[in-house]
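The structure appears below as structure tokens.
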Amino acid sequence: MSGFGTWSAEEIAAVQRELEAYVRRIVCTPVLTRREQADWTAEMTAHLLEQVSQFADRGQTPDEAVAHAIHQFGVPRELRRQIDREALGYPPSVLLIVACIGVVLLLCSLYALYWAVPPVPSMEIPWHPPRWVSLFTQGFPLSPSLMLAWTLACLAMFRCRSRRDRGGIGVTILLFACAWIGQRALHTPSLGATLTFYGAMGPVHLLDPAFLAGCTILFGLGLALYRWTQNRIVSLFPIALSVAEGLLFPVRNAAQAALYHLTGNPALWGHWNPFTDTFTVLQLIITVAARAMVLGLLLALFRRFDRQRGDRASAQAA
Amino acid sequence: MHRDMLKGHVDAVVLAILSRGDTYGYAIAKQVNDRSEGVLSLKEGTLYPCLRRLEAEGYVEGYWGGDDDGPRRRYYALTDRGRKHLEHLRAAWSVQQRVIGRLLEEGNA
């Protein structure tokens with residue numbers, strides 16, 4: 001890079017600050033992580049400084065050079081929109097709408113499950129669930145677990161940067177869906193107790209071989225996804241999904257039981273609050289903590305792999 | 001027209017420049033603007049989302065260079081996957097060029 005003509009050190013520092021502020025306006029999008037934003041800022045600022053120094057050599061004043069460089073670089077709003085589109089593969093608004101549909105369907109499916117359980121039998125309250133409820137309680141694709149998986153997958157997609165990343169999320173959802181269909185079809189909780197989460201199958205115990213098998217499969221899947229995508233969020237998605245799914249039914253049951261006790265409405269009867277039993281709470285905490293440990297172990301490994309890859313790239317560049 | 005001309009071919013142009021050796025964003029933008037003799041006007045900022053996407057897809061590999069002269073530059077190198085993709089884009093461009101050329105000739109006839 002050439003110098004900055006006859007500019008003083010103060011002028012150069014002021015130009016650098018102005019360019020950084022301009023670049024920050026470009027990269028301040030929730031689609032990029034903080035680390036990505038820092039990377040982009042450093043790279044784009046270096047570009048603009050190089051451009052400004054060229055204009056300085058041609059005799060332009062700091063103000064002229066900065067205005068010229070910024071004009072050539074582009075309008076922040078348009079660049080931000082392009083970053084969002086290119087980083088995600090499609091406009092973020094589309095992803096947000098799909099995620100919102102997932103949340104609405106999740107709430108509908110939870111509401112439908114509440115309708116599916118008749119109120120206190122002794123009170124003989126007439127109970128006629130609306131017809132749409134059967135879509136959620138009998139139809140396969142609209143179960144709360146799958147709707148939760150849909151919503152979380154949409155959120156994870158915000159950190160996907162390539163088709164491979166999106167494929168990784170797709171593979172995870174497919175595996176969970178196959179396990180879920182399998183256990184529904186065969187009436188046997190297999191494949192690591194359906195990857196260790198279904199509350200409907202009863203609480204999962206730490207020393208249950210199925211739970212250990214499920215954790216091992218999720219650990220292996222995380223490593224395989226990292227090898228394929230080198231994206232930490234995508235690789236941690238299976239274990240995070242397992243934890244979220246495991247908490248869905250206990251939390252739903254606790255909320256409904258609390259509402260029943262609060263309002264006394266017999267229609268809300270039918271679910272036991274799992275958090276009132278110390279043993280169950282302990283099991284829940286321990287199994288979540290065990291998966292959090294697997295998640296932590298994977299994260300530590302990914303950080304190490306990333307560091308090794310960075311070192312290799314630097315060595316090659318040198 | 002000028003920006004539209006480049007649209008859809010930015011990937012091919014960037015990969016072709018990288019096939020000549022590792023380089024960084026500013027140099028790529030300069031090459032595009034200089035070698036096209038001002039016919040293609042590339043808004044320089046649009047280059048970076050494209051480079052990062054190509055990196056995420058595994059077509060190029062980015063690394064930070066030394067900072068012995070001014071701010072640190074992020075260099076990009078073409079990968080084997082990127083080389084194959086470039087060949088594919090070049091073949092597609094040849095077909096496009098042939099077809100459009102033929103249509104324009106027929107229009108003149």
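Please note that chains go A, B, ... in the order of the structure tokens, that every chain numbers its residues from 1, and that ligands are numbered from 1 in the order shown.
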Return as CSV the residues of chain B lying at most 9 Å from chain A, together with the closest atom-to-atom pair for each and the distance in Å to one decimal, counting only C-alpha atoms, with rows in chain order and ascending residue number.
```
residue,atom,partner,partner_atom,distance
B:Tyr24,CA,A:His47,CA,8.9
B:Gly25,CA,A:His47,CA,7.0
B:Tyr26,CA,A:His47,CA,5.3
B:Ala27,CA,A:His47,CA,8.9
B:Leu42,CA,A:Gln72,CA,8.3
B:Lys43,CA,A:Phe73,CA,5.4
B:Glu44,CA,A:Phe73,CA,4.6
B:Gly45,CA,A:Phe73,CA,4.6
B:Thr46,CA,A:Leu79,CA,6.4
B:Tyr48,CA,A:Met44,CA,7.9
B:Pro49,CA,A:Ile83,CA,5.2
B:Cys50,CA,A:Glu86,CA,6.9
B:Arg52,CA,A:Ala87,CA,7.7
B:Arg53,CA,A:Glu86,CA,6.2
B:Leu54,CA,A:Ser162,CA,8.7
B:Glu55,CA,A:Ser162,CA,8.9
B:Ala56,CA,A:Ser162,CA,5.4
B:Glu57,CA,A:Ser162,CA,5.4
B:Gly58,CA,A:Ser162,CA,8.7
B:Glu61,CA,A:Ala313,CA,8.8
B:Gly62,CA,A:Ala313,CA,8.4
B:Tyr63,CA,A:Ala313,CA,6.4
B:Trp64,CA,A:Ser314,CA,7.3
B:Gly65,CA,A:Ala317,CA,7.0
B:Gly66,CA,A:Ala318,CA,8.4
B:Asp69,CA,A:Met1,CA,6.3
B:Gly70,CA,A:Met1,CA,6.2
B:Pro71,CA,A:Ala46,CA,5.4
B:Arg72,CA,A:Ala46,CA,6.7
B:Arg73,CA,A:Glu43,CA,6.4
B:Arg74,CA,A:Glu43,CA,6.2
B:Tyr75,CA,A:Ala317,CA,9.0
```
For the selection you just gave me, I'd like the residues written to a file as a compact mmCIF listing (two decimals), in the first residue's frame, keeping N, CA, C and O atoms.
```
# COMPACT_ATOMS: atom_id res chain seq x y z
N TYR B 24 -6.26 -10.54 -3.00
CA TYR B 24 -7.19 -10.03 -1.99
C TYR B 24 -8.23 -9.12 -2.65
O TYR B 24 -8.10 -8.74 -3.82
N GLY B 25 -9.26 -8.78 -1.86
CA GLY B 25 -10.43 -8.09 -2.39
C GLY B 25 -10.14 -6.85 -3.20
O GLY B 25 -10.64 -6.70 -4.32
N TYR B 26 -9.30 -5.97 -2.66
CA TYR B 26 -9.03 -4.71 -3.34
C TYR B 26 -8.40 -4.98 -4.72
O TYR B 26 -8.78 -4.36 -5.72
N ALA B 27 -7.45 -5.91 -4.74
CA ALA B 27 -6.77 -6.22 -6.00
C ALA B 27 -7.74 -6.84 -7.01
O ALA B 27 -7.66 -6.57 -8.21
N LEU B 42 -17.92 -2.38 -11.21
CA LEU B 42 -18.22 -3.22 -10.05
C LEU B 42 -18.25 -2.35 -8.80
O LEU B 42 -17.26 -1.68 -8.49
N LYS B 43 -19.40 -2.35 -8.09
CA LYS B 43 -19.43 -1.68 -6.78
C LYS B 43 -18.58 -2.55 -5.86
O LYS B 43 -18.91 -3.72 -5.61
N GLU B 44 -17.48 -1.98 -5.39
CA GLU B 44 -16.47 -2.82 -4.72
C GLU B 44 -17.01 -3.57 -3.51
O GLU B 44 -16.59 -4.68 -3.23
N GLY B 45 -17.94 -2.95 -2.80
CA GLY B 45 -18.48 -3.59 -1.61
C GLY B 45 -19.23 -4.88 -1.90
O GLY B 45 -19.31 -5.77 -1.05
N THR B 46 -19.75 -5.01 -3.11
CA THR B 46 -20.52 -6.21 -3.46
C THR B 46 -19.62 -7.43 -3.63
O THR B 46 -20.10 -8.56 -3.67
N TYR B 48 -17.32 -8.52 -1.51
CA TYR B 48 -17.04 -9.27 -0.28
C TYR B 48 -18.12 -10.31 0.08
O TYR B 48 -17.76 -11.44 0.44
N PRO B 49 -19.42 -9.97 -0.03
CA PRO B 49 -20.41 -11.03 0.21
C PRO B 49 -20.22 -12.20 -0.75
O PRO B 49 -20.37 -13.35 -0.38
N CYS B 50 -19.83 -11.85 -1.99
CA CYS B 50 -19.61 -12.90 -2.99
C CYS B 50 -18.41 -13.78 -2.61
O CYS B 50 -18.48 -15.01 -2.65
N ARG B 52 -17.17 -14.27 0.38
CA ARG B 52 -17.47 -15.07 1.58
C ARG B 52 -18.39 -16.25 1.22
O ARG B 52 -18.28 -17.31 1.81
N ARG B 53 -19.29 -16.02 0.27
CA ARG B 53 -20.16 -17.12 -0.14
C ARG B 53 -19.34 -18.20 -0.85
O ARG B 53 -19.50 -19.40 -0.58
N LEU B 54 -18.44 -17.77 -1.71
CA LEU B 54 -17.58 -18.74 -2.42
C LEU B 54 -16.73 -19.51 -1.41
O LEU B 54 -16.48 -20.70 -1.58
N GLU B 55 -16.32 -18.82 -0.35
CA GLU B 55 -15.51 -19.48 0.69
C GLU B 55 -16.36 -20.51 1.43
O GLU B 55 -15.92 -21.62 1.69
N ALA B 56 -17.59 -20.11 1.78
CA ALA B 56 -18.49 -21.02 2.51
C ALA B 56 -18.81 -22.26 1.66
O ALA B 56 -18.94 -23.36 2.20
N GLU B 57 -18.89 -22.07 0.36
CA GLU B 57 -19.19 -23.20 -0.53
C GLU B 57 -17.95 -24.06 -0.79
O GLU B 57 -18.03 -25.10 -1.44
N GLY B 58 -16.79 -23.60 -0.33
CA GLY B 58 -15.55 -24.37 -0.48
C GLY B 58 -14.86 -24.16 -1.81
O GLY B 58 -13.95 -24.91 -2.16
N GLU B 61 -10.44 -20.42 -0.49
CA GLU B 61 -10.03 -20.50 0.92
C GLU B 61 -9.44 -19.15 1.31
O GLU B 61 -8.58 -18.64 0.57
N GLY B 62 -9.90 -18.58 2.40
CA GLY B 62 -9.40 -17.27 2.81
C GLY B 62 -8.40 -17.39 3.93
O GLY B 62 -8.50 -18.29 4.75
N TYR B 63 -7.40 -16.51 3.93
CA TYR B 63 -6.44 -16.48 5.03
C TYR B 63 -5.89 -15.06 5.16
O TYR B 63 -5.87 -14.31 4.19
N TRP B 64 -5.50 -14.70 6.38
CA TRP B 64 -4.98 -13.35 6.63
C TRP B 64 -3.50 -13.31 6.28
O TRP B 64 -2.73 -14.18 6.72
N GLY B 65 -3.11 -12.31 5.52
CA GLY B 65 -1.70 -12.16 5.16
C GLY B 65 -0.95 -11.37 6.23
O GLY B 65 -1.54 -10.95 7.23
N GLY B 66 0.34 -11.18 6.03
CA GLY B 66 1.16 -10.41 6.97
C GLY B 66 0.78 -8.94 6.93
O GLY B 66 0.13 -8.48 5.99
N ASP B 69 3.03 -4.09 5.54
CA ASP B 69 2.82 -2.83 4.82
C ASP B 69 1.35 -2.43 4.92
O ASP B 69 0.53 -2.89 4.15
N GLY B 70 1.02 -1.61 5.92
CA GLY B 70 -0.36 -1.14 6.06
C GLY B 70 -1.25 -2.16 6.73
O GLY B 70 -0.77 -3.09 7.39
N PRO B 71 -2.58 -2.00 6.56
CA PRO B 71 -3.52 -2.90 7.26
C PRO B 71 -3.44 -4.33 6.73
O PRO B 71 -3.04 -4.55 5.58
N ARG B 72 -3.85 -5.28 7.58
CA ARG B 72 -3.77 -6.69 7.17
C ARG B 72 -4.74 -6.97 6.05
O ARG B 72 -5.89 -6.52 6.08
N ARG B 73 -4.29 -7.73 5.07
CA ARG B 73 -5.16 -8.09 3.95
C ARG B 73 -5.61 -9.53 4.10
O ARG B 73 -4.84 -10.37 4.57
N ARG B 74 -6.83 -9.77 3.66
CA ARG B 74 -7.31 -11.15 3.68
C ARG B 74 -7.18 -11.69 2.27
O ARG B 74 -7.84 -11.20 1.34
N TYR B 75 -6.33 -12.69 2.11
CA TYR B 75 -6.09 -13.27 0.79
C TYR B 75 -7.04 -14.42 0.53
O TYR B 75 -7.52 -15.07 1.47
```
Give me the residues near range 6-23 of chain B as a JSON list (two decimals) with N, CA and C atoms, in the first residue's frame, where near means some atom within 9 Å (using only C-alpha atoms) and where sequence neighbours in that chain fewer than 4 positions away do not count.
```json
[["chain", "number", "residue", "atom", "x", "y", "z"],
["B", 1, "MET", "N", -27.11, -1.17, -17.39],
["B", 1, "MET", "CA", -26.67, -2.25, -18.28],
["B", 1, "MET", "C", -25.32, -2.82, -17.81],
["B", 2, "HIS", "N", -24.42, -1.86, -17.46],
["B", 2, "HIS", "CA", -23.09, -2.33, -17.10],
["B", 2, "HIS", "C", -23.10, -3.25, -15.90],
["B", 27, "ALA", "N", -7.45, -5.91, -4.74],
["B", 27, "ALA", "CA", -6.77, -6.22, -6.00],
["B", 27, "ALA", "C", -7.74, -6.84, -7.01],
["B", 28, "ILE", "N", -8.67, -7.65, -6.52],
["B", 28, "ILE", "CA", -9.66, -8.27, -7.42],
["B", 28, "ILE", "C", -10.53, -7.18, -8.05],
["B", 29, "ALA", "N", -11.03, -6.27, -7.19],
["B", 29, "ALA", "CA", -11.89, -5.19, -7.68],
["B", 29, "ALA", "C", -11.15, -4.34, -8.71],
["B", 31, "GLN", "N", -8.64, -5.24, -10.58],
["B", 31, "GLN", "CA", -8.44, -6.02, -11.83],
["B", 31, "GLN", "C", -9.71, -6.01, -12.68],
["B", 32, "VAL", "N", -10.86, -6.20, -12.02],
["B", 32, "VAL", "CA", -12.14, -6.23, -12.76],
["B", 32, "VAL", "C", -12.33, -4.88, -13.45],
["B", 40, "LEU", "N", -17.34, -2.66, -17.37],
["B", 40, "LEU", "CA", -18.04, -3.25, -16.23],
["B", 40, "LEU", "C", -17.72, -2.43, -14.99],
["B", 41, "SER", "N", -18.74, -1.84, -14.37],
["B", 41, "SER", "CA", -18.45, -1.07, -13.16],
["B", 41, "SER", "C", -18.90, -1.89, -11.96],
["B", 42, "LEU", "N", -17.92, -2.38, -11.21],
["B", 42, "LEU", "CA", -18.22, -3.22, -10.05],
["B", 42, "LEU", "C", -18.25, -2.35, -8.80],
["B", 47, "LEU", "N", -18.33, -7.18, -3.72],
["B", 47, "LEU", "CA", -17.38, -8.27, -3.93],
["B", 47, "LEU", "C", -17.26, -9.16, -2.69],
["B", 50, "CYS", "N", -19.83, -11.85, -1.99],
["B", 50, "CYS", "CA", -19.61, -12.90, -2.99],
["B", 50, "CYS", "C", -18.41, -13.78, -2.61],
["B", 51, "LEU", "N", -17.31, -13.13, -2.19],
["B", 51, "LEU", "CA", -16.11, -13.89, -1.79],
["B", 51, "LEU", "C", -16.41, -14.80, -0.60],
["B", 54, "LEU", "N", -18.44, -17.77, -1.71],
["B", 54, "LEU", "CA", -17.58, -18.74, -2.42],
["B", 54, "LEU", "C", -16.73, -19.51, -1.41],
["B", 59, "TYR", "N", -15.25, -23.12, -2.54],
["B", 59, "TYR", "CA", -14.59, -22.86, -3.83],
["B", 59, "TYR", "C", -13.29, -22.06, -3.66],
["B", 60, "VAL", "N", -13.24, -21.25, -2.61],
["B", 60, "VAL", "CA", -12.00, -20.52, -2.32],
["B", 60, "VAL", "C", -11.71, -20.68, -0.83],
["B", 74, "ARG", "N", -6.83, -9.77, 3.66],
["B", 74, "ARG", "CA", -7.31, -11.15, 3.68],
["B", 74, "ARG", "C", -7.18, -11.69, 2.27],
["B", 75, "TYR", "N", -6.33, -12.69, 2.11],
["B", 75, "TYR", "CA", -6.09, -13.27, 0.79],
["B", 75, "TYR", "C", -7.04, -14.42, 0.53],
["B", 76, "TYR", "N", -7.26, -14.68, -0.73],
["B", 76, "TYR", "CA", -8.11, -15.80, -1.13],
["B", 76, "TYR", "C", -7.36, -16.68, -2.12],
["B", 77, "ALA", "N", -7.51, -18.00, -1.94],
["B", 77, "ALA", "CA", -6.86, -18.96, -2.84],
["B", 77, "ALA", "C", -7.93, -19.87, -3.43],
["B", 78, "LEU", "N", -7.76, -20.21, -4.69],
["B", 78, "LEU", "CA", -8.73, -21.10, -5.35],
["B", 78, "LEU", "C", -8.48, -22.54, -4.88],
["B", 82, "GLY", "N", -13.07, -25.26, -6.37],
["B", 82, "GLY", "CA", -13.29, -24.00, -7.07],
["B", 82, "GLY", "C", -12.83, -24.08, -8.52],
["B", 83, "ARG", "N", -11.70, -24.78, -8.73],
["B", 83, "ARG", "CA", -11.17, -24.94, -10.09],
["B", 83, "ARG", "C", -12.17, -25.69, -10.96],
["B", 85, "HIS", "N", -15.38, -25.89, -10.43],
["B", 85, "HIS", "CA", -16.56, -25.03, -10.60],
["B", 85, "HIS", "C", -16.30, -23.99, -11.69],
["B", 86, "LEU", "N", -15.08, -23.47, -11.72],
["B", 86, "LEU", "CA", -14.72, -22.48, -12.75],
["B", 86, "LEU", "C", -14.81, -23.11, -14.14],
["B", 89, "LEU", "N", -18.36, -23.22, -15.06],
["B", 89, "LEU", "CA", -18.89, -21.88, -15.41],
["B", 89, "LEU", "C", -18.38, -21.43, -16.76],
["B", 90, "ARG", "N", -17.13, -21.78, -17.07],
["B", 90, "ARG", "CA", -16.55, -21.41, -18.37],
["B", 90, "ARG", "C", -17.30, -22.12, -19.50],
["B", 93, "TRP", "N", -20.62, -20.53, -19.97],
["B", 93, "TRP", "CA", -20.46, -19.23, -20.63],
["B", 93, "TRP", "C", -20.24, -19.43, -22.14]]
```
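We find CA of Glu105 in chain B and CA of Glu37 in chain B to be spaced 25.5 Å apart.
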- as a ChimeraX atom specification, list the residues of chain B assigned to helix (DSSP H, G or I) by DSSP on the backbone atoms of this structure. /B:2-6,10-18,25-35,44-56,80-108
- Message: What does the structure give for the distance between CA of Gly222 in chain A and CA of Ile169 in chain A, in Å to one decimal?
- Response: 11.0 Å
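Distance-wise, CA of Thr172 in chain A and CA of Thr216 in chain A end up 14.8 Å apart.
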- Message: With only C-alpha atoms as the counted atoms, please give the residues lying no more than 12 Å from Ala289 in chain A, apart from itself and same-chain residues fewer than 5 positions off, as number ranges by chain.
- Response: A: 206, 215, 239-240, 243, 246, 281-284, 294-296
- From range 2-73 of chain B, collect each residue whose DSSP state is strand (DSSP E or B) and return the set as a PyMOL selection string. chain B and resi 23-24+60-64
Output for the residues just chosen: C-alpha atoms as a PDB file, in the first residue's frame:
```
ATOM      1  CA  THR B  23      -4.994 -12.295  -4.153  1.00  0.00           C
ATOM      2  CA  TYR B  24      -7.191 -10.027  -1.992  1.00  0.00           C
ATOM      3  CA  VAL B  60     -12.003 -20.524  -2.318  1.00  0.00           C
ATOM      4  CA  GLU B  61     -10.034 -20.499   0.920  1.00  0.00           C
ATOM      5  CA  GLY B  62      -9.405 -17.267   2.810  1.00  0.00           C
ATOM      6  CA  TYR B  63      -6.435 -16.481   5.028  1.00  0.00           C
ATOM      7  CA  TRP B  64      -4.977 -13.353   6.629  1.00  0.00           C
TER       8      TRP B  64
END
```
